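Enquirer: Would you mind keeping the following structure in view while I ask a few things?
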Amino acid sequence: MIARILALVLALAAAPALAIPEIQHWTTGNGARVYFVHAPELPLVDVQIAFDAGSARDGDRHGLALLTNGLLAEGAGEWNADAIAARFEGVGAAFGNDAGRDMATVGLRSLTDTTKLEQAVATLEAIVERPTFPVDAFERERSRLLVAIERRAQDPGAQADLAFYRALYGDHPYAHPPGGEKATVAALTRDDLIAFYRRFYVARNAVVAIVGALDRKEAEALAERLTDQLPSGEPAPPLPPVPDLESGREVRIDFPSTQAHVLMGQPGVYRGDPDYFPLFVGNQILGGAALVSRIFDEVREKRGLAYSAYSYFRPMRRRGPFTAGLQTRNEQAGQALEVLRETIARFVAEGPTEAELAAAKANLVGGFPLRIDTNKKILGYVTMIGFYGMPLDYLQRFTERVQAVTLEEVRDAFTRRLHPDRMVTVVVGRSEE
């Protein structure tokens with residue numbers, strides 16, 4: 001393993017020169033926050049509007065945020081779903097929307113040709129500001145979501161993920177899945193969706209991210225147009241803090257699968273967490289680097305217990321999960337889980353070596369250009385920076401902050417933040433009996 005680490009250091013030590021995009025920021029007349037990157041290289045513009053309207057805002061109507069977001073393009077203004085799709089297709093534009101736990105998004109990619117952009121923007125404007133939530137579309141999409149829930153019940157990986165979040169977050173809004181449960185989705189009404197839209201799809205609860213071949217004046221006009229018919233409204237209220245786990249907990253679910261799905265973890269970090277970079281760099285050594293991490297080496301290389309084994313931190317508005325996982329044959333699940341536990345506990349107790357830290361930094365710095373090599377990737381970062389209130393120079397300082405992480409900072413952060421004796425463990429697979 002040391003030989004691979006040293007080889008990686010030599011291969012990635014010299015990071016290529018990179019032009020980091022500058023992010024401009026302002027607020028529209030009715031309170032939407034706008035983040036813009038001028039990218040004139042291609043005649044394209046990417047825009048994404050993120051609302052604090054993810055499943056954490058569902059209340060007890062689990063699935064409400066996802067279904068509301070999904071119906072936005074099923075009817076808007078004077079157009080039905082077919083007409084909306086035809087309008088985008090007719091000018092070569094691409095529309096997308098989604099809802100996770102924190103945010104709900106709508107997005108567009110279009111050519112900057114005046115005629116094509118006008119039609120694409122007019123269509124997106126109607127979707128954001130004047131959705132009609134047709135009754136037939138509501139019934140159809142709710143039925144599709146119920147079918148997806150049924151399919152989820154047949155997927156051992158999905159069942160492991162559900163159980164993991166429930167055990168990890170308890171009564172917190174992050175505990176329930178964005179897709180909801182059968183009973184909650186079946187009980188949703190069209191009026192529920194309209195009320196959710198009116199509360200959360202408002203300007204002061206929105207972030208507009210724009211990346212493309214527009215100048216500042218054109219970007220300002222675009223942002224105003226996409227939000228000026230929205231009520232100003234109020235931002236969503238703060239989410240409750242995520243409490244620490246008081247003790248370890250193990251959940252085993254008998255499932256007729258050939259492979260056992262194993263997840264282990266605890267609440268981790270939030271966006272803007274001061275420990276993020278030491279934990280991020282340290283996890284690259286623990287389980288983030290696909291072929292040279294400690295977990296991969298111990299579980300797969302030395303023992304052949306799994307094809308892949310990994311760990312990661314997922315920062316969210318509140319503390320997202322630290323997750324370590326693997327898949328293995330049912331009869332090997334106990335052994336693989338023990339190796340996973342021991343590897344995490346040893347890393348927390350001892351920390352990485354100097355060689356491992358150098359390799360992790362080289363890997364992250366050398367790979368950074370690939371994180372922002374397309375407008376779409378930059379748009380994702382710009383949306384994240386705006387939505388979570390991150391510093392505008394986050395991208396400019398990313399590699400600098402990675403390089404600045406010390407061995408002592410990694411050891412200190414992991415000792416304080418990860419508790420191997422207080423983790424949730426989920427195993428989904430055929431029982432050993």
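Every chain in the structure tokens has a letter given in the order shown (A, B, ...), and although residue numbers restart at 1 in each chain, ligands are simply numbered from 1 in the order shown.
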Residues of stretch 119-196 of chain A that approach stretch 92-105 of chain A to 12 Å or less, counting only C-alpha atoms: could you list each one with the shortest pair of atoms and its distance in Å to one decimal, rows by chain and increasing residue number, as CSV?
Expert:
```
residue,atom,partner,partner_atom,distance
A:Gln119,CA,A:Ala93,CA,9.3
A:Ala120,CA,A:Ala93,CA,6.5
A:Val121,CA,A:Ala93,CA,9.6
A:Ala122,CA,A:Ala93,CA,11.9
A:Thr123,CA,A:Phe95,CA,9.7
A:Leu124,CA,A:Phe95,CA,8.1
A:Glu125,CA,A:Phe95,CA,11.8
A:Ile127,CA,A:Phe95,CA,10.4
A:Val128,CA,A:Thr105,CA,10.0
A:Tyr165,CA,A:Arg101,CA,11.3
A:His172,CA,A:Arg101,CA,11.4
A:Pro173,CA,A:Arg101,CA,8.3
A:Tyr174,CA,A:Arg101,CA,6.5
A:Ala175,CA,A:Arg101,CA,9.4
A:His176,CA,A:Arg101,CA,8.9
A:Pro177,CA,A:Arg101,CA,7.9
A:Pro178,CA,A:Gly100,CA,6.0
A:Gly179,CA,A:Gly100,CA,8.9
A:Gly180,CA,A:Arg101,CA,11.1
A:Phe196,CA,A:Ala104,CA,11.9
```
Enquirer: Taking into account only C-alpha atoms, which residue in the set A:Val135, A:Val299, A:Val91, A:Ala221 is nearest to A:Gln335?
Expert: A:Val299
Enquirer: Out of A:Phe347, A:Phe36, A:Phe133, A:Phe200, which residue has the shortest atom-to-atom distance to A:Trp79 when counting only C-alpha atoms?
Expert: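 Once distances to A:Trp79 are computed over only C-alpha atoms, the minimum belongs to A:Phe133.
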Enquirer: Pick out the closest residue to A:Arg371 from this set: A:Glu350, A:Thr399, A:Leu108, A:Leu226. Count only C-alpha atoms.
Expert: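 For A:Arg371, the nearest of the given residues is A:Thr399.
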Enquirer: Which residues are close to stretch 253-264 of chain A, i.e. within 8 Å by only C-alpha atoms, leaving aside same-chain residues fewer than 5 positions away? Reply as a PyMOL selection string.
Expert: chain A and resi 156-157+160-161+164+323-330+333+337+423-431
Enquirer: Residues at most 10 Å from A:Arg294, counting only C-alpha atoms, excluding those fewer than 6 positions away in the same chain, as a PyMOL selection string?
Expert: chain A and resi 1+283-288+300-301+309-311+340+343-344+347+352+356
Enquirer: Just how far from atom CA of A:Ala213 is atom CA of A:Asp373, in Å to one decimal?
Expert: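 These atoms are spaced 15.6 Å apart.
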